[in-house]
file coords12.tsv (TSV, C-alpha atoms)
chain	number	residue	atom	x	y	z
A	1	MET	CA	26.42	51.35	120.89
A	2	PRO	CA	26.39	48.53	118.29
A	3	PHE	CA	29.88	49.38	116.99
A	4	LEU	CA	31.33	48.44	120.38
A	5	TRP	CA	28.80	45.81	121.49
A	6	ILE	CA	29.53	43.65	118.46
A	7	TRP	CA	32.76	42.38	120.08
A	8	THR	CA	31.34	41.41	123.47
A	9	LYS	CA	27.56	41.18	122.88
A	10	PRO	CA	26.88	40.10	119.28
A	11	SER	CA	23.38	38.80	120.10
A	12	ARG	CA	22.48	42.09	121.78
A	13	THR	CA	23.80	44.01	118.74
A	14	ILE	CA	21.65	41.91	116.40
A	15	GLN	CA	18.57	42.39	118.62
A	16	TYR	CA	19.26	46.13	118.73
A	17	LEU	CA	19.35	46.37	114.93
A	18	LEU	CA	16.18	44.27	114.67
A	19	GLU	CA	14.35	46.47	117.18
A	20	LYS	CA	15.57	49.81	115.81
A	21	LYS	CA	15.07	49.03	112.12
A	22	SER	CA	17.00	52.24	111.54
A	23	VAL	CA	17.71	53.16	107.94
A	24	LYS	CA	20.17	55.85	109.11
A	25	LEU	CA	22.16	53.40	111.24
A	26	SER	CA	22.23	50.80	108.46
A	27	LEU	CA	23.36	53.40	105.91
A	28	LEU	CA	26.08	54.54	108.34
A	29	ILE	CA	27.30	50.93	108.68
A	30	TRP	CA	27.45	50.51	104.87
A	31	LEU	CA	29.17	53.86	104.42
A	32	LEU	CA	31.82	53.02	107.02
A	33	LEU	CA	32.30	49.59	105.47
A	34	ALA	CA	32.75	51.20	102.04
A	35	VAL	CA	35.42	53.55	103.43
A	36	SER	CA	37.10	50.69	105.30
A	37	ASP	CA	37.11	48.32	102.32
A	38	ALA	CA	38.06	50.87	99.63
A	39	PRO	CA	41.86	50.27	99.89
A	40	ASN	CA	41.42	46.50	99.33
A	41	THR	CA	39.46	46.82	96.13
A	42	ALA	CA	41.54	49.82	95.02
A	43	LEU	CA	44.63	47.59	94.97
A	44	ASN	CA	42.88	45.19	92.58
A	45	TYR	CA	41.72	47.95	90.22
A	46	GLN	CA	45.10	49.65	90.38
A	47	GLU	CA	46.80	46.49	89.17
A	48	MET	CA	44.14	45.44	86.68
A	49	PHE	CA	43.69	48.82	84.96
A	50	ARG	CA	47.15	50.29	85.70
A	51	MET	CA	45.68	53.20	87.65
A	52	GLU	CA	47.48	55.56	90.01
A	53	PRO	CA	46.92	54.72	93.73
A	54	GLY	CA	44.97	57.93	94.41
A	55	GLU	CA	42.73	57.43	91.36
A	56	ALA	CA	41.95	53.84	92.29
A	57	LEU	CA	41.12	54.81	95.88
A	58	LEU	CA	38.88	57.67	94.75
A	59	LEU	CA	37.08	55.36	92.34
A	60	MET	CA	36.42	52.91	95.17
A	61	TYR	CA	35.06	55.69	97.39
A	62	ILE	CA	32.57	56.47	94.62
A	63	VAL	CA	31.67	52.88	93.71
A	64	ALA	CA	31.79	50.93	97.00
A	65	PHE	CA	28.89	52.57	98.86
A	66	PRO	CA	26.32	52.12	96.04
A	67	PHE	CA	27.63	48.58	95.53
A	68	PHE	CA	26.99	47.71	99.20
A	69	LEU	CA	23.53	49.29	99.03
A	70	ILE	CA	22.66	47.11	96.02
A	71	ALA	CA	24.21	43.98	97.54
A	72	TRP	CA	22.42	44.43	100.90
A	73	PRO	CA	18.87	43.42	99.82
A	74	LEU	CA	20.25	40.78	97.45
A	75	CYS	CA	22.30	39.12	100.22
A	76	ALA	CA	19.35	39.40	102.58
A	77	GLY	CA	17.23	37.64	99.96
A	78	LEU	CA	19.73	34.78	99.74
A	79	PHE	CA	19.93	34.40	103.54
A	80	TYR	CA	16.13	34.51	103.69
A	81	LEU	CA	15.57	31.91	100.94
A	82	VAL	CA	18.28	29.47	102.05
A	83	GLY	CA	17.17	29.82	105.68
A	84	ARG	CA	13.56	29.10	104.73
A	85	MET	CA	14.71	26.07	102.72
A	86	LEU	CA	16.38	24.82	105.91
A	87	ARG	CA	13.06	25.20	107.79
A	88	GLY	CA	13.71	28.67	109.18
A	89	SER	CA	10.88	31.07	109.96
A	90	ALA	CA	12.35	34.56	109.49
A	91	SER	CA	10.64	37.32	107.58
A	92	TYR	CA	12.61	39.00	104.80
A	93	LYS	CA	12.55	42.28	106.75
A	94	ASP	CA	14.16	40.68	109.80
A	95	VAL	CA	16.95	39.24	107.68
A	96	LEU	CA	17.40	42.61	105.98
A	97	TRP	CA	17.92	44.39	109.33
A	98	MET	CA	20.19	41.64	110.68
A	99	ILE	CA	22.67	41.61	107.75
A	100	PRO	CA	24.46	44.91	108.60
A	101	ALA	CA	25.57	43.48	111.98
A	102	ALA	CA	27.96	41.09	110.22
A	103	SER	CA	29.72	44.03	108.56
A	104	ILE	CA	30.56	45.89	111.76
A	105	PRO	CA	33.71	43.83	112.61
A	106	LEU	CA	35.07	44.54	109.12
A	107	ILE	CA	34.76	48.29	109.70
A	108	TRP	CA	37.27	48.02	112.55
A	109	VAL	CA	40.02	46.77	110.24
A	110	ALA	CA	40.09	50.09	108.33
A	111	PRO	CA	43.49	51.10	109.80
A	112	VAL	CA	44.95	47.75	108.69
A	113	ASN	CA	43.46	48.14	105.19
A	114	TYR	CA	44.92	51.63	104.74
A	115	PHE	CA	48.24	50.54	106.17
A	116	MET	CA	48.40	47.63	103.70
A	117	PHE	CA	47.46	50.00	100.87
A	118	MET	CA	50.49	52.16	101.70
A	119	ILE	CA	52.75	49.09	101.96
A	120	MET	CA	51.61	47.76	98.59
A	121	ASN	CA	52.33	51.16	97.08
A	122	GLY	CA	55.98	51.23	98.03
A	123	GLN	CA	56.28	51.88	101.78
A	124	GLN	CA	59.01	49.72	103.33
A	125	VAL	CA	58.09	47.89	106.54
A	126	PRO	CA	59.47	44.91	108.47
A	127	PHE	CA	58.56	41.51	106.99
A	128	ILE	CA	56.32	40.58	109.94
A	129	VAL	CA	53.97	43.56	109.50
A	130	PRO	CA	52.07	42.32	106.39
A	131	TRP	CA	51.60	38.92	108.00
A	132	LEU	CA	50.25	40.54	111.15
A	133	ALA	CA	47.85	42.61	109.04
A	134	ILE	CA	46.65	39.48	107.22
A	135	LEU	CA	46.11	37.73	110.56
A	136	ILE	CA	44.05	40.63	111.96
A	137	THR	CA	41.94	40.83	108.80
A	138	ALA	CA	41.37	37.06	108.77
A	139	GLY	CA	40.31	37.23	112.43
A	140	ALA	CA	37.79	39.98	111.65
A	141	TRP	CA	36.38	37.93	108.75
A	142	VAL	CA	36.03	34.82	110.92
A	143	TYR	CA	34.26	36.84	113.61
A	144	SER	CA	32.01	38.39	110.95
A	145	ILE	CA	31.03	34.87	109.84
A	146	ILE	CA	30.26	33.97	113.45
A	147	VAL	CA	28.07	37.09	113.80
A	148	VAL	CA	26.10	36.45	110.61
A	149	SER	CA	25.67	32.76	111.55
A	150	LYS	CA	24.40	33.74	114.99
A	151	GLY	CA	22.16	36.42	113.47
A	152	THR	CA	20.76	33.98	110.93
A	153	GLY	CA	19.98	31.57	113.76
A	154	ILE	CA	18.23	34.33	115.73
A	155	VAL	CA	16.00	35.57	112.91
A	156	HIS	CA	15.20	32.09	111.54
A	157	ARG	CA	14.71	30.72	115.06
A	158	PHE	CA	17.16	27.87	114.77
A	159	SER	CA	20.67	27.15	116.02
A	160	ALA	CA	23.75	29.20	115.17
A	161	LEU	CA	25.20	25.99	113.71
A	162	ARG	CA	22.38	25.79	111.18
A	163	GLY	CA	22.89	29.53	110.67
A	164	PHE	CA	26.50	28.73	109.78
A	165	GLY	CA	25.22	26.18	107.24
A	166	VAL	CA	23.10	28.91	105.65
A	167	THR	CA	26.15	31.21	105.59
A	168	VAL	CA	28.28	28.57	103.85
A	169	ILE	CA	25.61	27.93	101.20
A	170	VAL	CA	25.09	31.65	100.56
A	171	ALA	CA	28.87	32.20	100.35
A	172	GLY	CA	29.07	29.34	97.83
A	173	VAL	CA	26.32	30.88	95.68
A	174	ILE	CA	27.98	34.33	95.77
A	175	PHE	CA	31.42	32.85	95.03
A	176	THR	CA	30.06	30.91	92.04
A	177	PHE	CA	28.31	34.02	90.71
A	178	LEU	CA	31.49	36.11	91.05
A	179	MET	CA	33.57	33.42	89.34
A	180	ILE	CA	31.14	33.40	86.40
A	181	LEU	CA	31.31	37.21	86.21
A	182	SER	CA	35.12	37.11	86.32
A	183	PHE	CA	35.18	34.48	83.59
A	184	LEU	CA	32.86	36.54	81.37
A	185	ALA	CA	34.95	39.66	82.01
A	186	ALA	CA	38.12	37.79	81.08
A	187	ILE	CA	36.55	36.65	77.81
A	188	PHE	CA	34.70	39.78	76.70
A	189	ILE	CA	36.10	42.86	78.46
A	190	LEU	CA	39.84	42.35	79.05
A	191	PRO	CA	40.71	41.56	75.40
A	192	THR	CA	39.21	44.93	74.32
A	193	MET	CA	41.46	46.79	76.78
A	194	ARG	CA	44.72	45.54	75.29

call {"tool": "encode", "arguments": {"input": "coords12.tsv", "output": "structure tokens"}}
result
Amino acid sequence: MPFLWIWTKPSRTIQYLLEKKSVKLSLLIWLLLAVSDAPNTALNYQEMFRMEPGEALLLMYIVAFPFFLIAWPLCAGLFYLVGRMLRGSASYKDVLWMIPAASIPLIWVAPVNYFMFMIMNGQQVPFIVPWLAILITAGAWVYSIIVVSKGTGIVHRFSALRGFGVTVIVAGVIFTFLMILSFLAAIFILPTMR
């Protein structure tokens, strides 16, 4: 089962997804990721638009899954193009089926995300708990980067180290794009909401 293999057999998980090419399994991964990640983005929307916690969480349940479905082929395209620029040989389809593997570790931090959502909305906990939650989440993100780097190496038929280089470049492109979007939102959208 790829949800368990990812921790001990990441290469096997990637190969499994490449062999199966299962739309249902990929959609399940994105749905679970959307549910897992909803509390994180809900906190941002709650603060930005002064929404109630329940409203923000519901909005994220509605928005996150379609967002991940749209981002999936776009991210795959970036990993494909950057990998090919670095002399990789993957097909776009292989990259597309590999990408969901990197999201599986982030699904497992759902309890931490919901716990942090409750803390940020007024639940009192010992000081160490939020730091422990941040540490667990950071660990899952680091492992996710390792998985996508390994997966990129597998599909492009080069080393995981070069796969990591592709991951860093793609992350830089996405970060730059999001910063531009945030800047445009700050200029054009936020002033109209005051």

call {"tool": "closest_residue", "arguments": {"input": "coords12.tsv", "among": "A:Trp30, A:Phe49, A:Phe175, A:Pro39", "to": "Ile119 of chain A", "atoms": "all atoms listed in the file"}}
result
A:Pro39

call {"tool": "closest_residue", "arguments": {"input": "coords12.tsv", "among": "A:Thr8, A:Leu184, A:Pro2, A:Ala160", "to": "Leu25 of chain A", "atoms": "only C-alpha atoms"}}
result
A:Pro2

call {"tool": "closest_residue", "arguments": {"input": "coords12.tsv", "among": "A:Pro126, A:Pro111, A:Gly88, A:Gly139", "to": "Arg157 of chain A", "atoms": "all atoms listed in the file"}}
result
A:Gly88

call {"tool": "closest_residue", "arguments": {"input": "coords12.tsv", "among": "A:Cys75, A:Val35, A:Ala110, A:Val129", "to": "Leu59 of chain A", "atoms": "all atoms listed in the file"}}
result
A:Val35

call {"tool": "atom_distance", "arguments": {"input": "coords12.tsv", "atom1": "atom CA of Leu18 of chain A", "atom2": "atom CA of Asp94 of chain A"}}
result
6.4 Å

call {"tool": "atom_distance", "arguments": {"input": "coords12.tsv", "atom1": "atom CA of Gly83 of chain A", "atom2": "atom CA of Gly165 of chain A"}}
result
9.0 Å

call {"tool": "closest_residue", "arguments": {"input": "coords12.tsv", "among": "A:Leu33, A:Val155, A:Ile6, A:Leu135", "to": "Ala90 of chain A", "atoms": "all atoms listed in the file"}}
result
A:Val155

call {"tool": "residues_around", "arguments": {"input": "coords12.tsv", "residues": "Ser22 of chain A", "least_positions_apart": "6", "cutoff": "12 Å", "atoms": "only C-alpha atoms", "output": "mmCIF file with C-alpha atoms, in the coordinates of the input"}}
result
data_model
loop_
_atom_site.group_PDB
_atom_site.id
_atom_site.type_symbol
_atom_site.label_atom_id
_atom_site.label_comp_id
_atom_site.auth_asym_id
_atom_site.auth_seq_id
_atom_site.Cartn_x
_atom_site.Cartn_y
_atom_site.Cartn_z
ATOM 1 C CA TYR A 16 19.260 46.130 118.730
ATOM 2 C CA LEU A 28 26.080 54.540 108.340
ATOM 3 C CA ILE A 29 27.300 50.930 108.680
ATOM 4 C CA LYS A 93 12.550 42.280 106.750
ATOM 5 C CA LEU A 96 17.400 42.610 105.980
ATOM 6 C CA TRP A 97 17.920 44.390 109.330
ATOM 7 C CA MET A 98 20.190 41.640 110.680
ATOM 8 C CA PRO A 100 24.460 44.910 108.600
#

call {"tool": "residues_near_point", "arguments": {"input": "coords12.tsv", "point": "(29.2, 50.3, 100.9)", "cutoff": "10 Å", "atoms": "all atoms listed in the file", "output": "count of residues only"}}
result
26

call {"tool": "closest_residue", "arguments": {"input": "coords12.tsv", "among": "A:Leu17, A:Met48, A:Met1, A:Ile145", "to": "Ala171 of chain A", "atoms": "all atoms listed in the file"}}
result
A:Ile145

call {"tool": "atom_distance", "arguments": {"input": "coords12.tsv", "atom1": "atom CA of Ile107 of chain A", "atom2": "atom CA of Asn44 of chain A"}}
result
19.2 Å

call {"tool": "residues_around", "arguments": {"input": "coords12.tsv", "residues": "Tyr143 of chain A", "least_positions_apart": "2", "cutoff": "12 Å", "atoms": "only C-alpha atoms", "output": "number ranges by chain"}}
result
A: 6-8, 10, 101-106, 108-109, 136-141, 145-150, 164

call {"tool": "residues_around", "arguments": {"input": "coords12.tsv", "residues": "Leu43 of chain A", "least_positions_apart": "3", "cutoff": "12 Å", "atoms": "only C-alpha atoms", "output": "ChimeraX atom specification"}}
result
/A:37-40,46-60,113-114,116-121

call {"tool": "decode", "arguments": {"input": "coords12.tsv", "residues": "segment 38-55 of chain A", "atoms": "N, CA, C and O atoms", "output": "short mmCIF file (atom, residue, chain, number, x, y, z; two decimals), in the first residue's frame"}}
result
data_model
loop_
_atom_site.label_atom_id
_atom_site.label_comp_id
_atom_site.auth_asym_id
_atom_site.auth_seq_id
_atom_site.Cartn_x
_atom_site.Cartn_y
_atom_site.Cartn_z
N ALA A 38 -6.16 21.64 4.58
CA ALA A 38 -7.21 22.66 4.76
C ALA A 38 -7.02 23.54 6.00
O ALA A 38 -7.17 24.76 5.91
N PRO A 39 -6.68 22.98 7.18
CA PRO A 39 -6.52 23.85 8.36
C PRO A 39 -5.42 24.89 8.21
O PRO A 39 -5.54 26.01 8.71
N ASN A 40 -4.33 24.54 7.49
CA ASN A 40 -3.22 25.49 7.31
C ASN A 40 -3.66 26.71 6.52
O ASN A 40 -3.43 27.85 6.93
N THR A 41 -4.28 26.47 5.38
CA THR A 41 -4.71 27.59 4.55
C THR A 41 -5.90 28.31 5.17
O THR A 41 -6.06 29.51 4.98
N ALA A 42 -6.74 27.57 5.90
CA ALA A 42 -7.89 28.20 6.57
C ALA A 42 -7.42 29.27 7.55
O ALA A 42 -8.04 30.34 7.67
N LEU A 43 -6.33 29.01 8.26
CA LEU A 43 -5.80 29.99 9.21
C LEU A 43 -5.44 31.29 8.49
O LEU A 43 -5.69 32.38 9.00
N ASN A 44 -4.83 31.18 7.31
CA ASN A 44 -4.45 32.37 6.54
C ASN A 44 -5.68 33.16 6.11
O ASN A 44 -5.74 34.38 6.25
N TYR A 45 -6.69 32.47 5.57
CA TYR A 45 -7.90 33.14 5.11
C TYR A 45 -8.69 33.74 6.26
O TYR A 45 -9.28 34.80 6.14
N GLN A 46 -8.68 33.02 7.37
CA GLN A 46 -9.38 33.49 8.57
C GLN A 46 -8.84 34.84 9.01
O GLN A 46 -9.59 35.76 9.33
N GLU A 47 -7.52 34.95 9.01
CA GLU A 47 -6.87 36.18 9.43
C GLU A 47 -7.03 37.28 8.39
O GLU A 47 -7.35 38.43 8.71
N MET A 48 -6.83 36.91 7.12
CA MET A 48 -6.84 37.90 6.05
C MET A 48 -8.23 38.50 5.83
O MET A 48 -8.38 39.71 5.64
N PHE A 49 -9.26 37.65 5.86
CA PHE A 49 -10.61 38.11 5.55
C PHE A 49 -11.53 38.17 6.77
O PHE A 49 -12.73 38.32 6.63
N ARG A 50 -10.93 38.00 7.96
CA ARG A 50 -11.68 38.05 9.23
C ARG A 50 -12.89 37.12 9.21
O ARG A 50 -14.01 37.51 9.50
N MET A 51 -12.63 35.87 8.85
CA MET A 51 -13.69 34.86 8.78
C MET A 51 -13.74 34.07 10.08
O MET A 51 -12.76 34.03 10.82
N GLU A 52 -14.87 33.46 10.34
CA GLU A 52 -14.99 32.54 11.46
C GLU A 52 -14.21 31.28 11.15
O GLU A 52 -14.09 30.89 9.97
N PRO A 53 -13.66 30.58 12.16
CA PRO A 53 -12.86 29.36 11.91
C PRO A 53 -13.59 28.32 11.07
O PRO A 53 -13.03 27.78 10.12
N GLY A 54 -14.85 28.05 11.42
CA GLY A 54 -15.62 27.04 10.67
C GLY A 54 -15.83 27.43 9.22
O GLY A 54 -15.74 26.58 8.32
N GLU A 55 -16.10 28.71 8.97
CA GLU A 55 -16.30 29.19 7.60
C GLU A 55 -15.02 29.04 6.77
O GLU A 55 -15.06 28.61 5.62
#
